[in-house]
file data_12.tsv (TSV, C-alpha atoms)
chain	number	residue	atom	x	y	z
A	6	MET	CA	88.23	102.70	39.38
A	7	VAL	CA	85.35	101.53	41.59
A	8	ARG	CA	87.64	98.92	43.16
A	9	LEU	CA	90.25	101.55	43.91
A	10	LEU	CA	87.65	103.87	45.46
A	11	THR	CA	86.22	101.02	47.56
A	12	PHE	CA	89.71	100.05	48.73
A	13	ALA	CA	90.53	103.67	49.65
A	14	LEU	CA	87.29	103.99	51.64
A	15	LEU	CA	88.07	100.73	53.43
A	16	LEU	CA	91.54	101.98	54.40
A	17	VAL	CA	90.15	105.29	55.67
A	18	SER	CA	87.47	103.55	57.75
A	19	LEU	CA	90.04	101.15	59.22
A	20	GLY	CA	92.34	104.02	60.05
A	21	ASN	CA	89.57	105.81	61.94
A	22	ALA	CA	88.40	102.75	63.85
A	23	ALA	CA	89.52	102.46	67.45
A	24	PRO	CA	91.77	99.50	68.12
A	25	ALA	CA	90.05	96.61	69.89
A	26	SER	CA	92.15	97.20	73.00
A	27	ARG	CA	90.63	100.67	73.42
A	28	ASN	CA	87.17	99.13	73.66
A	29	ARG	CA	88.17	96.98	76.62
A	30	VAL	CA	88.78	98.45	80.02
A	31	THR	CA	91.94	96.82	81.31
A	32	THR	CA	93.52	97.86	84.55
A	33	PRO	CA	96.58	96.05	85.76
A	34	LEU	CA	96.17	94.26	89.05
A	35	PRO	CA	97.93	96.11	91.83
A	36	VAL	CA	101.18	94.57	92.99
A	37	VAL	CA	100.10	95.22	96.59
A	38	THR	CA	96.57	95.95	97.75
A	39	GLU	CA	95.38	98.08	100.66
A	40	GLU	CA	94.11	94.84	102.19
A	41	GLN	CA	97.60	93.29	102.08
A	42	THR	CA	99.13	96.31	103.80
A	43	HIS	CA	96.39	96.13	106.45
A	44	ASP	CA	97.11	92.41	106.99
A	45	TRP	CA	100.85	93.09	107.38
A	46	LEU	CA	100.08	95.90	109.78
A	47	LYS	CA	97.90	93.69	111.99
A	48	LEU	CA	100.42	90.83	111.94
A	49	TRP	CA	103.37	93.03	112.88
A	50	GLN	CA	101.41	95.13	115.31
A	51	LYS	CA	100.67	91.93	117.22
A	52	ARG	CA	104.22	90.61	116.94
A	53	LEU	CA	105.69	93.89	118.14
A	54	ARG	CA	103.10	94.14	120.93
A	55	LEU	CA	101.64	97.40	119.68
A	56	GLU	CA	98.04	96.23	119.80
A	57	ASP	CA	97.08	99.03	122.18
A	58	TRP	CA	97.82	101.53	119.39
A	59	LYS	CA	95.29	102.50	116.71
A	60	ILE	CA	97.44	102.44	113.58
A	61	GLU	CA	96.44	103.09	109.99
A	62	VAL	CA	98.50	102.33	106.89
A	63	LYS	CA	98.16	104.24	103.62
A	64	ILE	CA	99.69	103.63	100.22
A	65	VAL	CA	100.84	107.04	98.95
A	66	ARG	CA	102.53	108.49	95.91
A	67	ILE	CA	106.20	109.44	95.93
A	68	TRP	CA	105.54	113.18	96.29
A	69	GLU	CA	103.75	112.54	99.62
A	70	LEU	CA	106.96	111.21	101.20
A	71	GLU	CA	110.22	112.85	102.12
A	72	HIS	CA	112.71	112.65	99.23
A	73	GLY	CA	114.56	109.33	99.17
A	74	THR	CA	112.26	107.52	101.61
A	75	LEU	CA	109.95	104.55	101.15
A	76	GLY	CA	107.78	105.19	104.18
A	77	HIS	CA	106.95	107.52	107.03
A	78	ILE	CA	105.12	107.40	110.35
A	79	ASP	CA	103.35	110.15	112.27
A	80	TRP	CA	102.18	109.33	115.79
A	81	SER	CA	100.54	110.75	118.86
A	82	SER	CA	101.83	109.07	122.01
A	83	PRO	CA	99.11	110.49	124.29
A	84	HIS	CA	96.36	109.24	121.95
A	85	ARG	CA	98.23	106.03	121.00
A	86	THR	CA	97.48	106.63	117.34
A	87	ALA	CA	99.69	106.51	114.27
A	88	VAL	CA	99.52	106.75	110.49
A	89	ILE	CA	102.04	104.89	108.37
A	90	LYS	CA	102.56	105.93	104.77
A	91	VAL	CA	104.23	103.49	102.36
A	92	LEU	CA	105.32	104.12	98.80
A	93	ASN	CA	102.87	103.22	96.05
A	94	PRO	CA	104.12	100.29	93.90
A	95	ALA	CA	103.71	102.54	90.83
A	96	ASP	CA	106.61	104.66	92.11
A	97	TYR	CA	109.01	101.81	92.92
A	98	GLU	CA	112.15	101.22	90.92
A	99	LEU	CA	112.28	97.53	91.91
A	100	PRO	CA	111.06	94.57	89.87
A	101	ALA	CA	107.36	93.93	90.58
A	102	ASP	CA	108.07	90.63	92.38
A	103	LYS	CA	110.33	92.42	94.92
A	104	ILE	CA	107.88	95.19	95.81
A	105	PRO	CA	105.60	93.32	98.27
A	106	ALA	CA	108.50	92.24	100.50
A	107	ASP	CA	109.90	95.76	100.47
A	108	MET	CA	106.53	97.28	101.40
A	109	GLU	CA	106.15	94.82	104.28
A	110	LEU	CA	109.65	95.76	105.44
A	111	SER	CA	108.69	99.46	105.31
A	112	ILE	CA	105.68	98.79	107.56
A	113	VAL	CA	107.82	96.90	110.08
A	114	HIS	CA	110.45	99.64	109.96
A	115	GLU	CA	107.89	102.31	110.78
A	116	LEU	CA	106.40	100.21	113.60
A	117	VAL	CA	109.85	99.82	115.18
A	118	HIS	CA	110.01	103.63	115.27
A	119	LEU	CA	106.99	103.57	117.60
A	120	HIS	CA	108.97	101.62	120.19
A	121	LEU	CA	111.66	104.27	120.05
A	122	SER	CA	109.13	107.11	120.26
A	123	VAL	CA	109.53	107.14	124.05
A	124	LEU	CA	113.09	108.39	123.61
A	125	PRO	CA	113.73	112.12	123.33
A	126	LEU	CA	114.05	113.39	119.77
A	127	ASN	CA	117.65	114.23	118.99
A	128	LYS	CA	118.59	115.43	115.52
A	129	SER	CA	122.26	114.56	116.06
A	130	SER	CA	121.44	110.86	116.59
A	131	ARG	CA	118.74	110.57	113.90
A	132	ASN	CA	121.01	108.77	111.43
A	133	ALA	CA	122.09	106.29	114.09
A	134	GLU	CA	118.45	105.69	115.03
A	135	GLU	CA	117.55	105.06	111.37
A	136	GLN	CA	120.39	102.54	111.08
A	137	VAL	CA	119.27	100.70	114.22
A	138	VAL	CA	115.61	100.69	113.15
A	139	SER	CA	116.59	99.38	109.72
A	140	MET	CA	118.73	96.61	111.19
A	141	ILE	CA	115.99	95.51	113.61
A	142	ALA	CA	113.29	95.60	110.91
A	143	ASP	CA	115.52	93.65	108.48
A	144	ALA	CA	116.24	91.01	111.12
A	145	LEU	CA	112.58	90.60	112.04
A	146	VAL	CA	111.35	90.33	108.47
A	147	SER	CA	114.18	87.95	107.55
A	148	LEU	CA	113.29	85.78	110.51
A	149	GLU	CA	109.60	85.86	109.53
A	150	HIS	CA	110.41	84.64	106.03
A	151	SER	CA	112.90	81.99	107.14
A	152	SER	CA	111.93	78.55	108.35
A	153	VAL	CA	112.24	79.61	112.01
A	154	SER	CA	109.01	80.82	113.60
A	155	LEU	CA	108.93	83.86	115.85
A	156	GLU	CA	106.53	81.93	118.08
A	157	GLU	CA	109.14	79.27	118.88
A	158	PRO	CA	112.08	80.04	121.15
A	159	LEU	CA	115.44	79.85	119.39
A	160	ALA	CA	117.65	76.97	120.47
A	161	ARG	CA	120.75	78.15	122.32
A	162	LYS	CA	124.06	76.39	121.92
call {"tool": "encode", "arguments": {"input": "data_12.tsv", "output": "structure tokens"}}
result
Amino acid sequence: MVRLLTFALLLVSLGNAAPASRNRVTTPLPVVTEEQTHDWLKLWQKRLRLEDWKIEVKIVRIWELEHGTLGHIDWSSPHRTAVIKVLNPADYELPADKIPADMELSIVHELVHLHLSVLPLNKSSRNAEEQVVSMIADALVSLEHSSVSLEEPLARK
């Protein structure tokens, strides 16, 4: 009987004990850090010759962006300032290894919008503008990640 009581008490105490993993504070490493987004911003700001702009990049949650978008830019042409918002990796539906490249692309995409900010806003051509901005940003990022450097002139045939 004493053995049975001891065993029952042991089971109860084990059941009430917190698992070892609860005692450790584990936070997953972010897929993309604020520092990485800042580095991409500075690189592309230089490449796109937007160094005279004061631009900030923020990683934001999905509810801080327009539905169906991965990024957004607000700018003030007279002040030459802009804020880029990019989707937080926690809200992505891509595999973790694809997220950094997509976030870099979002930053480039939003920077290309700044070059078009001198054009009058026209709601009827907004979709066309988005397509053009996407194509330019895709081409630039693809070129950056290929073996050809943007610093070297392309050979013409």
call {"tool": "closest_atom_pairs", "arguments": {"input": "data_12.tsv", "of": "segment 49-73 of chain A", "to": "segment 101-115 of chain A", "cutoff": "9 Å", "atoms": "all atoms listed in the file", "output": "tab-separated table"}}
result
residue	atom	partner	partner_atom	distance
A:Trp49	CA	A:Val113	CA	6.5
A:Gln50	CA	A:Val113	CA	8.5
A:Leu53	CA	A:Val113	CA	8.9
A:Val62	CA	A:Ile112	CA	8.0
call {"tool": "atom_distance", "arguments": {"input": "data_12.tsv", "atom1": "atom CA of Ile89 of chain A", "atom2": "atom CA of Ser151 of chain A"}}
result
25.4 Å
call {"tool": "closest_residue", "arguments": {"input": "data_12.tsv", "among": "A:Ile60, A:Leu48, A:Leu99, A:His118", "to": "Ile141 of chain A", "atoms": "all atoms listed in the file"}}
result
A:His118
call {"tool": "residues_around", "arguments": {"input": "data_12.tsv", "residues": "Arg66 of chain A", "least_positions_apart": "4", "cutoff": "8 Å", "atoms": "all atoms listed in the file", "output": "VMD selection string"}}
result
chain A and resid 70 92 to 93 95 to 96
call {"tool": "closest_residue", "arguments": {"input": "data_12.tsv", "among": "A:Arg54, A:Leu46, A:Val91, A:Thr86", "to": "Trp68 of chain A", "atoms": "only C-alpha atoms"}}
result
A:Val91
call {"tool": "closest_residue", "arguments": {"input": "data_12.tsv", "among": "A:Ala133, A:Leu124, A:Val138, A:Leu116", "to": "Arg52 of chain A", "atoms": "all atoms listed in the file"}}
result
A:Leu116
call {"tool": "closest_residue", "arguments": {"input": "data_12.tsv", "among": "A:Leu55, A:Ala87, A:Ser82, A:Lys63", "to": "Gln41 of chain A", "atoms": "only C-alpha atoms"}}
result
A:Lys63
call {"tool": "atom_distance", "arguments": {"input": "data_12.tsv", "atom1": "atom CA of Gly73 of chain A", "atom2": "atom CA of Lys51 of chain A"}}
result
28.7 Å
call {"tool": "atom_distance", "arguments": {"input": "data_12.tsv", "atom1": "atom CA of His77 of chain A", "atom2": "atom CA of Pro125 of chain A"}}
result
18.2 Å
call {"tool": "closest_residue", "arguments": {"input": "data_12.tsv", "among": "A:Val117, A:Val36, A:His150, A:Pro94", "to": "Glu135 of chain A", "atoms": "all atoms listed in the file"}}
result
A:Val117
call {"tool": "decode", "arguments": {"input": "data_12.tsv", "residues": "segment 90-102 of chain A", "atoms": "N, CA, C and O atoms", "output": "PDB file, in the first residue's frame"}}
result
ATOM      1  N   LYS A  90       7.117  50.534 -45.596  1.00  0.00           N
ATOM      2  CA  LYS A  90       6.660  49.475 -44.710  1.00  0.00           C
ATOM      3  C   LYS A  90       6.744  48.163 -45.485  1.00  0.00           C
ATOM      4  O   LYS A  90       6.283  48.097 -46.628  1.00  0.00           O
ATOM      5  N   VAL A  91       7.348  47.146 -44.868  1.00  0.00           N
ATOM      6  CA  VAL A  91       7.412  45.818 -45.480  1.00  0.00           C
ATOM      7  C   VAL A  91       6.803  44.806 -44.516  1.00  0.00           C
ATOM      8  O   VAL A  91       6.868  44.965 -43.300  1.00  0.00           O
ATOM      9  N   LEU A  92       6.221  43.779 -45.105  1.00  0.00           N
ATOM     10  CA  LEU A  92       5.513  42.760 -44.335  1.00  0.00           C
ATOM     11  C   LEU A  92       6.452  42.001 -43.403  1.00  0.00           C
ATOM     12  O   LEU A  92       7.542  41.580 -43.800  1.00  0.00           O
ATOM     13  N   ASN A  93       6.001  41.817 -42.184  1.00  0.00           N
ATOM     14  CA  ASN A  93       6.726  41.050 -41.179  1.00  0.00           C
ATOM     15  C   ASN A  93       6.828  39.590 -41.634  1.00  0.00           C
ATOM     16  O   ASN A  93       5.833  39.014 -42.088  1.00  0.00           O
ATOM     17  N   PRO A  94       8.001  38.963 -41.490  1.00  0.00           N
ATOM     18  CA  PRO A  94       8.143  37.555 -41.881  1.00  0.00           C
ATOM     19  C   PRO A  94       7.116  36.638 -41.203  1.00  0.00           C
ATOM     20  O   PRO A  94       6.730  35.627 -41.783  1.00  0.00           O
ATOM     21  N   ALA A  95       6.649  36.999 -40.027  1.00  0.00           N
ATOM     22  CA  ALA A  95       5.658  36.174 -39.324  1.00  0.00           C
ATOM     23  C   ALA A  95       4.350  36.064 -40.100  1.00  0.00           C
ATOM     24  O   ALA A  95       3.590  35.116 -39.912  1.00  0.00           O
ATOM     25  N   ASP A  96       4.093  37.024 -40.989  1.00  0.00           N
ATOM     26  CA  ASP A  96       2.835  37.038 -41.737  1.00  0.00           C
ATOM     27  C   ASP A  96       2.975  36.510 -43.164  1.00  0.00           C
ATOM     28  O   ASP A  96       2.006  36.509 -43.918  1.00  0.00           O
ATOM     29  N   TYR A  97       4.169  36.081 -43.539  1.00  0.00           N
ATOM     30  CA  TYR A  97       4.390  35.555 -44.889  1.00  0.00           C
ATOM     31  C   TYR A  97       3.817  34.167 -45.032  1.00  0.00           C
ATOM     32  O   TYR A  97       3.760  33.406 -44.064  1.00  0.00           O
ATOM     33  N   GLU A  98       3.451  33.827 -46.248  1.00  0.00           N
ATOM     34  CA  GLU A  98       2.993  32.476 -46.555  1.00  0.00           C
ATOM     35  C   GLU A  98       4.014  31.751 -47.423  1.00  0.00           C
ATOM     36  O   GLU A  98       3.686  30.775 -48.075  1.00  0.00           O
ATOM     37  N   LEU A  99       5.244  32.260 -47.450  1.00  0.00           N
ATOM     38  CA  LEU A  99       6.336  31.639 -48.197  1.00  0.00           C
ATOM     39  C   LEU A  99       7.189  30.802 -47.255  1.00  0.00           C
ATOM     40  O   LEU A  99       7.204  31.053 -46.044  1.00  0.00           O
ATOM     41  N   PRO A 100       7.954  29.853 -47.807  1.00  0.00           N
ATOM     42  CA  PRO A 100       8.932  29.153 -46.972  1.00  0.00           C
ATOM     43  C   PRO A 100       9.948  30.163 -46.422  1.00  0.00           C
ATOM     44  O   PRO A 100      10.266  31.157 -47.084  1.00  0.00           O
ATOM     45  N   ALA A 101      10.433  29.926 -45.224  1.00  0.00           N
ATOM     46  CA  ALA A 101      11.330  30.865 -44.536  1.00  0.00           C
ATOM     47  C   ALA A 101      12.539  31.252 -45.381  1.00  0.00           C
ATOM     48  O   ALA A 101      12.970  32.408 -45.349  1.00  0.00           O
ATOM     49  N   ASP A 102      13.071  30.323 -46.176  1.00  0.00           N
ATOM     50  CA  ASP A 102      14.274  30.636 -46.959  1.00  0.00           C
ATOM     51  C   ASP A 102      13.977  31.565 -48.145  1.00  0.00           C
ATOM     52  O   ASP A 102      14.892  32.151 -48.723  1.00  0.00           O
TER      53      ASP A 102
END
